[in-house]
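> Can you keep this structure in mind? I'll have questions shortly.
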Amino acid sequence: MRTFENDSQSVPRDEAREDGWVSAEGTIPVEAAAGYALQVRGLHKAYGGKVAVGGLDLDIPASSFFGLVGPNGAGKTTTLKMCTGLLRPDAGAVWVDGAEVWHNLARTKAVIGVLPEDLLLFERLTGSELLTFNGLLRGLPADTVADRSRELLEVFGLTEAAATMVVDSTHGMKKKIGLPCALIQGPRLLFLDEPFEAVDPVSARSIRTVLERHIESGATVVFSSHVMELVERLCDRVAIMHQGRLVAEGPTDDVRAGTSLEDAFVRLVGGDRTSGSDFGWLGTSSG
Amino acid sequence: MARHFLRLKLTLLRNGLRSNWLRKLGIGFSVFAWFWLVLATLGLLLASRSQALVVPLVFDAFFLGWLFLPLLGMGTDETLDPSRLALLPLERPALMRGLLAASLVGLAPVATLLALSGALIRLRPGLSGTLVIGALLAVELLLCVVGSRAMTTLFSGVLRSRRGRDVLVFVLAIAGIVPALAGQIVPRLLVSPNHRTITVGPAGRALYWLPSGWLAHAVLQARAGHLPVAVAELLAGAGAVAAALWLWGWALQRALTTSEPATAKQARKGPGLFSPPLSFLPRTRTGAVAAKEMRYMWRDPRRRASLLSVVILLAFPVAGIVMGRTHARELVLLAGAGVLILSLQAVNQFGLDGPAFWMNVAAGGDPAADLRGKNLAIAVLGAVLVAVEAVVLAVLSGGWSYLPAAVFLGGAAMGVALGVANQASVLAPYPMTDTATNLWGNNAGCLTALTGLLAMVVTGLLLGPIVAAVAVSLTVWRAGLVAVAAGGAIYGFLLWRLGCRLAANRLSIRQLEVLQAVSGRSVP
């Protein structure tokens with residue numbers, strides 16, 4: 001396991017060059033080391049003066065179920081957006097399946113599936129129409145789209161919801177519709193931002209089963225979540241982000257170090273804030 | 001409790017002034033609009049010689065405005081929505097007192113009072129008359145505010161449902177046409193056709209039917225010295241306020257204890273992107289985008305309204321022939337006007353997608369296919385519009401010989417306008433607000449208007465040679481009109497190809513910037 005104290009994990013360009021990540025000419029290598037589904041070096045993004053992601057390094061082996069956790073505003077969503085080509089980083093590089101993302105956008109997008117957290121879909125389409133639309137956007141043949149749509153809608157229990165406009169669906173249902181959209185081209189690397197949020201337990205189990213089968217087939221799943229129990233149960237590797245930086249990364253058992261992942265998380269991101277108050281007024285209904 | 005609500009309202013007003021420049025611009029615009037409305041109303045009340053018409057008209061207009069306009073701006077004032085207050089441990093009368101106090105603070109109530117005070121300034125009816133008119137103004141303001149509260153509370157459930165909001169967005173989008181029609185029709189209904197003085201027409205008497213009309217009548221009676229009548233009407237107005245209060249209280253109780261209505265899920269028959277009538281579209285990325293666009297044209301209330309406005313505009317030349325104002329057979333050549341407007345409405349094609357455009361970006365592939373798909377949807381609809389309009393005009397005017405030229409000219413107009421619109425869509429995309437709390441179509445202010453105007457001017461300039469050639473042909477060489485129009489269609493096609501290619505090249509480089517621009521604040 002790697003743990004990072006303060007800001008020591010940021011990789012300056014010179015250091016990165018010694019590390020072999022920047023070529024002698026000073027350019028970012030288009031190809032990266034084999035065996036990794038995702039590699040990130042020195043990823044940086046700031047909005048105005050506020051640093052959202054500050055020099056992130058990450059290695060995610062192929063065929064792993066990788067959990068990215070962190071408190072609200074830690075930079076998880078920004079990181080996932082930069083890794084999927086949806087947000088241009090200020091600095092740093094990302095390699096997906098061995099190819100640098102920002103030099104090979106088309107190739108990258110062909111091998112990844114994305115389920116964003118905010119889930120802004122074309123809401124005036126029905127679930128089934130949205131799935132067909134997404135499959136054809138990705139250049140799949142119409143027959144393949146039809147077959148896979150039918151299978152995915154059935155597995156996720158969406159056969160009935162498929163005829164309803166997305167705008168009329170609940171938040172959980174929208175998540176369930178977004179997931180088949182991310183899966184339809186059978187991506188080698190799947191990025192899921194809070195995939196289990198607002199999803200009922202039965203559907204969550206179906207989703208887990210599909211994702212586990214996806215991993216077995218050699219694919220990699222990277223997902224962010226606030227539910228530590230879920231991450232602990234599902235992920236073989238985990239990274240904890242705080243204030244735009246990694247504070248720990250490695251196999252899940254190593255990161256939690258004999259405690260629960262939640263305890264490790266609370267310890268690493270700043271401890272228990274409630275220790276100074278006894279909240280004696282709670283439950284008294286006093287004005 | 002009233003004090004807390006007053007403080008809440010003042011905090012909301014202050015926070016509004018602290019927010020981003022777009023919001024500040026909106027507030028500045030509201031202040032400006034209210035300022036002119038107050039001045040115009042004061043001018044009307046003070047200067048008009050037909051007070052019997054103007055006073056009730058102003059009183060009714062403010063009353064009706066207060067009743068209905070807040071429904072359109074439900075999301076702009078957080079204190080308007082009773083569902084936000086459901087969990088507060090407050091008795092209903094205390095809640096109503098607080099809400100009423102909050103309602104009386106702000107730009108709208110102050111401006112209303114200032115505008116209506118013109119009724120007080122005009123003529124000097126003596127102290128008792130002044131007092132009665134002052135009381136009448138206070139009752140009118142209360143009537144406006146309480147009536148408005150009752151309406152927003154009564155419809156709060158419907159307005160939070162998707163179906164209700166769709167209807168409202170549609171109404172709002174076509175509202176632009178209403179003032180033009182009202183300007184033509186209302187004066188004829190209200191005023192008697194008397195050449196020397198303006199008197200109240202038969203329909204004008206209906207102005208006195210509303211409670212605000214009673215108060216207006218009371219103002220006129222007080223001025224004329226008939227104080228007992230004025231006081232009786234004042235009491236009647238106060239009774240109307242009491243009735244509105246009761247209605248508000250009842251609606252508030254209902255709104256606070258009834259769960260939010262779930263929009264009935266409407267299952268689509270034969271679900272499928274390419275279900276009839278779209279089964280002719282190719283099963284490709286271009287076809288998928290076109291099918292999505294065409295489904296949106298019907299399902300998205302804003303686009304449905306745009307389409308309706310085009311159809312209404314097409315009705316004008318038809319109405320001209322039907323009403324006997326013109327019999328010119330050349331009118332058939334105007335059949336392309338609808339498709340021109342339809343294409344000009346496409347200046348922000350990615351803005352209509354909004355933040356959902358990330359799906360296209362994430363899919364990778366050829367972004368030019370997205371543009372072609374969007375253009376294909378407009379072209380299919382435009383072709384239908386041109387064909388129908390040309391045939392209708394030909395049937396009515398007998399100008400069948402102009403039909404082929406009209407179709408070619410429609411194609412030319414569409415090609416040129418779409419070429420320009422594609423460029424505008426990529427160069428100056430802007431977000432269209434479609435959130436759960438704001439109905440106003442888009443709030444990018446000047447940029448929106450400027451983009452549309454610029455695209456219109458450029459399209460006009462590029463269409464200039466075609467218009468000139470057609471005019472020359474109509475004057476000196478009618479036989480060659482079809483050839484000229486066909487040439488125009490080729491010119492339009494080439495300009496579309498050029499516009500599309502340039503826009504696609506730019507889009508492939510700037511796709512992320514376009515996504516960021518159309519997402520507004522959704523992308524961090």
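A note on labels: chains of the structure tokens are A, B, ... as shown, every chain counts residues from 1, and ligands are counted from 1 in their shown order.
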When you look at region 450-452 of chain B with a cut-off of 8 Å (counting only C-alpha atoms), what residues show up, excluding the ones that are within fewer than 5 positions of it in the same chain? I need them as an MDAnalysis selection string.
chainID B and resid 344:345 347 424 428
> Could you please select, counting only C-alpha atoms, the residues of chain A within 7 Å of chain B and state them as number ranges by chain?
A: 86-87, 106, 109-110, 120-122, 124, 128-129, 132-133, 136-139, 142, 163-164, 168
> Skip Glu233 (chain B) itself and residues of its chain fewer than 6 positions away, then list as a PyMOL selection string all residues within 10 Å of it, counting only C-alpha atoms.
chain B and resi 136+211+213-219+221+227+239
> Among region 34-213 of chain A, which ones does DSSP assign to strand (DSSP E) (computed from the backbone)? Answer as number ranges by chain.
A: 36-47, 50-61, 65-69, 91-96, 99-100, 112-115, 189-193
> Which residues are near Val55 (chain B)? Cut-off 10 Å, only C-alpha atoms, ignore same chain within fewer than 3 positions. Put them as a PDB file with all heavy atoms, in the first residue's frame.

ATOM      1  N   THR B  41     -47.648  53.588 -16.604  1.00  0.00           N
ATOM      2  CA  THR B  41     -48.951  53.548 -15.934  1.00  0.00           C
ATOM      3  C   THR B  41     -49.309  54.916 -15.368  1.00  0.00           C
ATOM      4  O   THR B  41     -50.453  55.391 -15.515  1.00  0.00           O
ATOM      5  CB  THR B  41     -48.934  52.505 -14.791  1.00  0.00           C
ATOM      6  OG1 THR B  41     -48.361  51.313 -15.289  1.00  0.00           O
ATOM      7  CG2 THR B  41     -50.321  52.232 -14.273  1.00  0.00           C
ATOM      8  N   LEU B  44     -50.338  57.137 -18.117  1.00  0.00           N
ATOM      9  CA  LEU B  44     -51.677  56.781 -18.615  1.00  0.00           C
ATOM     10  C   LEU B  44     -52.756  57.299 -17.659  1.00  0.00           C
ATOM     11  O   LEU B  44     -53.760  57.896 -18.078  1.00  0.00           O
ATOM     12  CB  LEU B  44     -51.755  55.260 -18.723  1.00  0.00           C
ATOM     13  CG  LEU B  44     -52.792  54.668 -19.668  1.00  0.00           C
ATOM     14  CD1 LEU B  44     -52.490  55.082 -21.099  1.00  0.00           C
ATOM     15  CD2 LEU B  44     -52.765  53.145 -19.575  1.00  0.00           C
ATOM     16  N   LEU B  45     -52.523  57.069 -16.364  1.00  0.00           N
ATOM     17  CA  LEU B  45     -53.531  57.470 -15.372  1.00  0.00           C
ATOM     18  C   LEU B  45     -53.643  58.988 -15.263  1.00  0.00           C
ATOM     19  O   LEU B  45     -54.723  59.533 -15.016  1.00  0.00           O
ATOM     20  CB  LEU B  45     -53.184  56.882 -13.995  1.00  0.00           C
ATOM     21  CG  LEU B  45     -53.478  55.397 -13.811  1.00  0.00           C
ATOM     22  CD1 LEU B  45     -52.892  54.892 -12.497  1.00  0.00           C
ATOM     23  CD2 LEU B  45     -54.980  55.120 -13.839  1.00  0.00           C
ATOM     24  N   LEU B  46     -52.522  59.676 -15.445  1.00  0.00           N
ATOM     25  CA  LEU B  46     -52.538  61.126 -15.247  1.00  0.00           C
ATOM     26  C   LEU B  46     -52.964  61.875 -16.503  1.00  0.00           C
ATOM     27  O   LEU B  46     -53.636  62.905 -16.424  1.00  0.00           O
ATOM     28  CB  LEU B  46     -51.148  61.615 -14.809  1.00  0.00           C
ATOM     29  CG  LEU B  46     -50.696  61.138 -13.429  1.00  0.00           C
ATOM     30  CD1 LEU B  46     -49.271  61.570 -13.147  1.00  0.00           C
ATOM     31  CD2 LEU B  46     -51.628  61.688 -12.350  1.00  0.00           C
ATOM     32  N   SER B  48     -54.509  60.508 -19.462  1.00  0.00           N
ATOM     33  CA  SER B  48     -55.613  60.062 -20.321  1.00  0.00           C
ATOM     34  C   SER B  48     -56.906  60.801 -20.022  1.00  0.00           C
ATOM     35  O   SER B  48     -57.234  61.069 -18.861  1.00  0.00           O
ATOM     36  CB  SER B  48     -55.829  58.565 -20.126  1.00  0.00           C
ATOM     37  OG  SER B  48     -56.975  58.191 -20.827  1.00  0.00           O
ATOM     38  N   SER B  50     -59.811  59.553 -21.106  1.00  0.00           N
ATOM     39  CA  SER B  50     -60.887  58.560 -20.947  1.00  0.00           C
ATOM     40  C   SER B  50     -60.642  57.727 -19.688  1.00  0.00           C
ATOM     41  O   SER B  50     -60.262  56.559 -19.755  1.00  0.00           O
ATOM     42  CB  SER B  50     -60.945  57.658 -22.178  1.00  0.00           C
ATOM     43  OG  SER B  50     -59.653  57.193 -22.478  1.00  0.00           O
ATOM     44  N   GLN B  51     -60.829  58.370 -18.542  1.00  0.00           N
ATOM     45  CA  GLN B  51     -60.554  57.728 -17.252  1.00  0.00           C
ATOM     46  C   GLN B  51     -61.461  56.517 -16.998  1.00  0.00           C
ATOM     47  O   GLN B  51     -61.056  55.558 -16.356  1.00  0.00           O
ATOM     48  CB  GLN B  51     -60.735  58.751 -16.122  1.00  0.00           C
ATOM     49  CG  GLN B  51     -59.657  59.820 -16.105  1.00  0.00           C
ATOM     50  CD  GLN B  51     -58.321  59.302 -15.583  1.00  0.00           C
ATOM     51  OE1 GLN B  51     -58.254  58.742 -14.505  1.00  0.00           O
ATOM     52  NE2 GLN B  51     -57.270  59.480 -16.369  1.00  0.00           N
ATOM     53  N   ALA B  52     -62.690  56.567 -17.520  1.00  0.00           N
ATOM     54  CA  ALA B  52     -63.627  55.457 -17.303  1.00  0.00           C
ATOM     55  C   ALA B  52     -63.096  54.164 -17.910  1.00  0.00           C
ATOM     56  O   ALA B  52     -63.497  53.074 -17.513  1.00  0.00           O
ATOM     57  CB  ALA B  52     -64.978  55.798 -17.908  1.00  0.00           C
ATOM     58  N   VAL B  58     -56.180  49.609 -15.927  1.00  0.00           N
ATOM     59  CA  VAL B  58     -54.941  49.525 -15.147  1.00  0.00           C
ATOM     60  C   VAL B  58     -55.147  48.634 -13.920  1.00  0.00           C
ATOM     61  O   VAL B  58     -54.339  47.738 -13.638  1.00  0.00           O
ATOM     62  CB  VAL B  58     -54.484  50.943 -14.724  1.00  0.00           C
ATOM     63  CG1 VAL B  58     -53.400  50.862 -13.645  1.00  0.00           C
ATOM     64  CG2 VAL B  58     -53.967  51.706 -15.931  1.00  0.00           C
ATOM     65  N   PHE B  59     -56.251  48.857 -13.199  1.00  0.00           N
ATOM     66  CA  PHE B  59     -56.510  48.051 -11.992  1.00  0.00           C
ATOM     67  C   PHE B  59     -56.629  46.569 -12.343  1.00  0.00           C
ATOM     68  O   PHE B  59     -56.075  45.700 -11.663  1.00  0.00           O
ATOM     69  CB  PHE B  59     -57.785  48.545 -11.291  1.00  0.00           C
ATOM     70  CG  PHE B  59     -57.538  49.661 -10.307  1.00  0.00           C
ATOM     71  CD1 PHE B  59     -56.885  50.822 -10.700  1.00  0.00           C
ATOM     72  CD2 PHE B  59     -57.952  49.565  -8.993  1.00  0.00           C
ATOM     73  CE1 PHE B  59     -56.657  51.864  -9.820  1.00  0.00           C
ATOM     74  CE2 PHE B  59     -57.721  50.588  -8.081  1.00  0.00           C
ATOM     75  CZ  PHE B  59     -57.070  51.743  -8.495  1.00  0.00           C
ATOM     76  N   ASP B  60     -57.352  46.267 -13.424  1.00  0.00           N
ATOM     77  CA  ASP B  60     -57.540  44.860 -13.833  1.00  0.00           C
ATOM     78  C   ASP B  60     -56.232  44.254 -14.328  1.00  0.00           C
ATOM     79  O   ASP B  60     -55.921  43.101 -14.039  1.00  0.00           O
ATOM     80  CB  ASP B  60     -58.595  44.760 -14.944  1.00  0.00           C
ATOM     81  CG  ASP B  60     -59.999  44.868 -14.382  1.00  0.00           C
ATOM     82  OD1 ASP B  60     -60.144  44.921 -13.148  1.00  0.00           O
ATOM     83  OD2 ASP B  60     -60.956  44.901 -15.181  1.00  0.00           O
ATOM     84  N   ALA B  61     -55.480  45.064 -15.095  1.00  0.00           N
ATOM     85  CA  ALA B  61     -54.229  44.539 -15.650  1.00  0.00           C
ATOM     86  C   ALA B  61     -53.271  44.148 -14.519  1.00  0.00           C
ATOM     87  O   ALA B  61     -52.649  43.080 -14.556  1.00  0.00           O
ATOM     88  CB  ALA B  61     -53.585  45.573 -16.560  1.00  0.00           C
ATOM     89  N   LEU B 116     -50.068  52.575  -9.197  1.00  0.00           N
ATOM     90  CA  LEU B 116     -51.499  52.828  -8.953  1.00  0.00           C
ATOM     91  C   LEU B 116     -51.736  54.178  -8.274  1.00  0.00           C
ATOM     92  O   LEU B 116     -52.839  54.718  -8.335  1.00  0.00           O
ATOM     93  CB  LEU B 116     -52.085  51.709  -8.092  1.00  0.00           C
ATOM     94  CG  LEU B 116     -52.144  50.335  -8.743  1.00  0.00           C
ATOM     95  CD1 LEU B 116     -52.658  49.296  -7.758  1.00  0.00           C
ATOM     96  CD2 LEU B 116     -53.028  50.345  -9.984  1.00  0.00           C
ATOM     97  N   GLY B 118     -51.032  56.834  -9.201  1.00  0.00           N
ATOM     98  CA  GLY B 118     -51.475  57.804 -10.207  1.00  0.00           C
ATOM     99  C   GLY B 118     -52.953  58.100 -10.082  1.00  0.00           C
ATOM    100  O   GLY B 118     -53.410  59.218 -10.362  1.00  0.00           O
ATOM    101  N   ALA B 119     -53.721  57.103  -9.629  1.00  0.00           N
ATOM    102  CA  ALA B 119     -55.169  57.295  -9.465  1.00  0.00           C
ATOM    103  C   ALA B 119     -55.461  58.286  -8.342  1.00  0.00           C
ATOM    104  O   ALA B 119     -56.496  58.943  -8.329  1.00  0.00           O
ATOM    105  CB  ALA B 119     -55.828  55.958  -9.148  1.00  0.00           C
ATOM    106  N   LEU B 207     -64.716  45.045 -17.859  1.00  0.00           N
ATOM    107  CA  LEU B 207     -63.595  45.424 -16.988  1.00  0.00           C
ATOM    108  C   LEU B 207     -64.059  45.637 -15.555  1.00  0.00           C
ATOM    109  O   LEU B 207     -63.289  45.525 -14.621  1.00  0.00           O
ATOM    110  CB  LEU B 207     -62.944  46.717 -17.497  1.00  0.00           C
ATOM    111  CG  LEU B 207     -62.195  46.650 -18.831  1.00  0.00           C
ATOM    112  CD1 LEU B 207     -61.782  48.042 -19.271  1.00  0.00           C
ATOM    113  CD2 LEU B 207     -60.974  45.760 -18.714  1.00  0.00           C
ATOM    114  N   SER B 212     -61.126  43.898  -8.896  1.00  0.00           N
ATOM    115  CA  SER B 212     -60.286  45.080  -9.122  1.00  0.00           C
ATOM    116  C   SER B 212     -61.064  46.142  -9.897  1.00  0.00           C
ATOM    117  O   SER B 212     -60.839  47.346  -9.727  1.00  0.00           O
ATOM    118  CB  SER B 212     -59.029  44.678  -9.889  1.00  0.00           C
ATOM    119  OG  SER B 212     -59.372  43.863 -10.989  1.00  0.00           O
ATOM    120  N   GLY B 213     -61.992  45.680 -10.739  1.00  0.00           N
ATOM    121  CA  GLY B 213     -62.859  46.606 -11.472  1.00  0.00           C
ATOM    122  C   GLY B 213     -63.799  47.360 -10.530  1.00  0.00           C
ATOM    123  O   GLY B 213     -64.066  48.552 -10.732  1.00  0.00           O
ATOM    124  N   LEU B 215     -63.098  48.135  -7.495  1.00  0.00           N
ATOM    125  CA  LEU B 215     -62.271  49.145  -6.820  1.00  0.00           C
ATOM    126  C   LEU B 215     -61.993  50.325  -7.754  1.00  0.00           C
ATOM    127  O   LEU B 215     -61.996  51.482  -7.320  1.00  0.00           O
ATOM    128  CB  LEU B 215     -60.956  48.516  -6.343  1.00  0.00           C
ATOM    129  CG  LEU B 215     -61.113  47.448  -5.253  1.00  0.00           C
ATOM    130  CD1 LEU B 215     -59.811  46.703  -5.023  1.00  0.00           C
ATOM    131  CD2 LEU B 215     -61.576  48.077  -3.946  1.00  0.00           C
ATOM    132  N   ALA B 216     -61.760  50.016  -9.030  1.00  0.00           N
ATOM    133  CA  ALA B 216     -61.534  51.083 -10.009  1.00  0.00           C
ATOM    134  C   ALA B 216     -62.782  51.960 -10.118  1.00  0.00           C
ATOM    135  O   ALA B 216     -62.700  53.189 -10.167  1.00  0.00           O
ATOM    136  CB  ALA B 216     -61.188  50.462 -11.358  1.00  0.00           C
ATOM    137  N   HIS B 217     -63.949  51.311 -10.154  1.00  0.00           N
ATOM    138  CA  HIS B 217     -65.203  52.051 -10.224  1.00  0.00           C
ATOM    139  C   HIS B 217     -65.359  52.940  -9.001  1.00  0.00           C
ATOM    140  O   HIS B 217     -65.793  54.104  -9.084  1.00  0.00           O
ATOM    141  CB  HIS B 217     -66.377  51.064 -10.337  1.00  0.00           C
ATOM    142  CG  HIS B 217     -67.662  51.722 -10.710  1.00  0.00           C
ATOM    143  ND1 HIS B 217     -68.678  51.911  -9.791  1.00  0.00           N
ATOM    144  CD2 HIS B 217     -68.093  52.266 -11.874  1.00  0.00           C
ATOM    145  CE1 HIS B 217     -69.684  52.538 -10.400  1.00  0.00           C
ATOM    146  NE2 HIS B 217     -69.352  52.750 -11.667  1.00  0.00           N
ATOM    147  N   VAL B 219     -62.953  54.232  -7.257  1.00  0.00           N
ATOM    148  CA  VAL B 219     -62.043  55.382  -7.396  1.00  0.00           C
ATOM    149  C   VAL B 219     -62.743  56.488  -8.187  1.00  0.00           C
ATOM    150  O   VAL B 219     -62.742  57.670  -7.797  1.00  0.00           O
ATOM    151  CB  VAL B 219     -60.729  54.951  -8.094  1.00  0.00           C
ATOM    152  CG1 VAL B 219     -59.918  56.171  -8.511  1.00  0.00           C
ATOM    153  CG2 VAL B 219     -59.904  54.071  -7.175  1.00  0.00           C
ATOM    154  N   LEU B 220     -63.370  56.103  -9.304  1.00  0.00           N
ATOM    155  CA  LEU B 220     -64.054  57.096 -10.153  1.00  0.00           C
ATOM    156  C   LEU B 220     -65.220  57.737  -9.402  1.00  0.00           C
ATOM    157  O   LEU B 220     -65.469  58.945  -9.522  1.00  0.00           O
ATOM    158  CB  LEU B 220     -64.551  56.424 -11.443  1.00  0.00           C
ATOM    159  CG  LEU B 220     -63.439  55.863 -12.348  1.00  0.00           C
ATOM    160  CD1 LEU B 220     -64.031  55.059 -13.492  1.00  0.00           C
ATOM    161  CD2 LEU B 220     -62.574  56.998 -12.892  1.00  0.00           C
TER     162      LEU B 220
END
> Hey, what does DSSP flag as helix (DSSP H, G or I) within region 144-272 of chain A? Can you give it to me as a VMD selection string?
chain A and resid 144 to 155 161 to 163 166 to 168 171 to 183 201 to 216 228 to 234 252 to 256 261 to 269
> Write out as a ChimeraX atom specification the residues lying within 8 Å of region 383-394 of chain B, counting only C-alpha atoms and excluding same-chain residues fewer than 3 positions away.
/B:314,317-318,329,331-336,338-339,379-380,397-400,402-403,406-407,410-411
> Identify which of the residues A:Pro116, A:Gly280, A:Pro141, A:Gly127 lies closest to Leu153 (chain A), counting only C-alpha atoms when measuring atom-to-atom distances.
A:Gly127
> Can you measure CA of Leu115 (chain A) to CA of His214 (chain A) for me? One decimal in Å is fine.
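Between CA of Leu115 (chain A) and CA of His214 (chain A) the gap is 15.1 Å.
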> Between A:Val40, A:Ile207, A:Val69, A:Val266, which is the closest to Arg237 (chain A) once you count only C-alpha atoms?
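Once distances to Arg237 (chain A) are computed over only C-alpha atoms, the minimum belongs to A:Val69.
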> A:Val114, A:Leu234, A:Val166, A:Leu58: which is nearest Gly92 (chain A), counting only C-alpha atoms?
A:Leu58
> Find the distance between CA of Val514 (chain B) and CA of Arg304 (chain B) and write it in Å to one decimal.
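Spanning CA of Val514 (chain B) to CA of Arg304 (chain B) is a straight-line distance of 24.2 Å.
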> Which polymer residues have any atom within 8 Å of an atom of Ala115 (chain B), counting only C-alpha atoms, with same-chain residues fewer than 4 positions away left out, as a ChimeraX atom specification?
/B:37-39,41-42,111
> Take CA of Ser306 (chain B) and CA of Ala485 (chain B) and report the distance between them in Å, one decimal.
27.4 Å
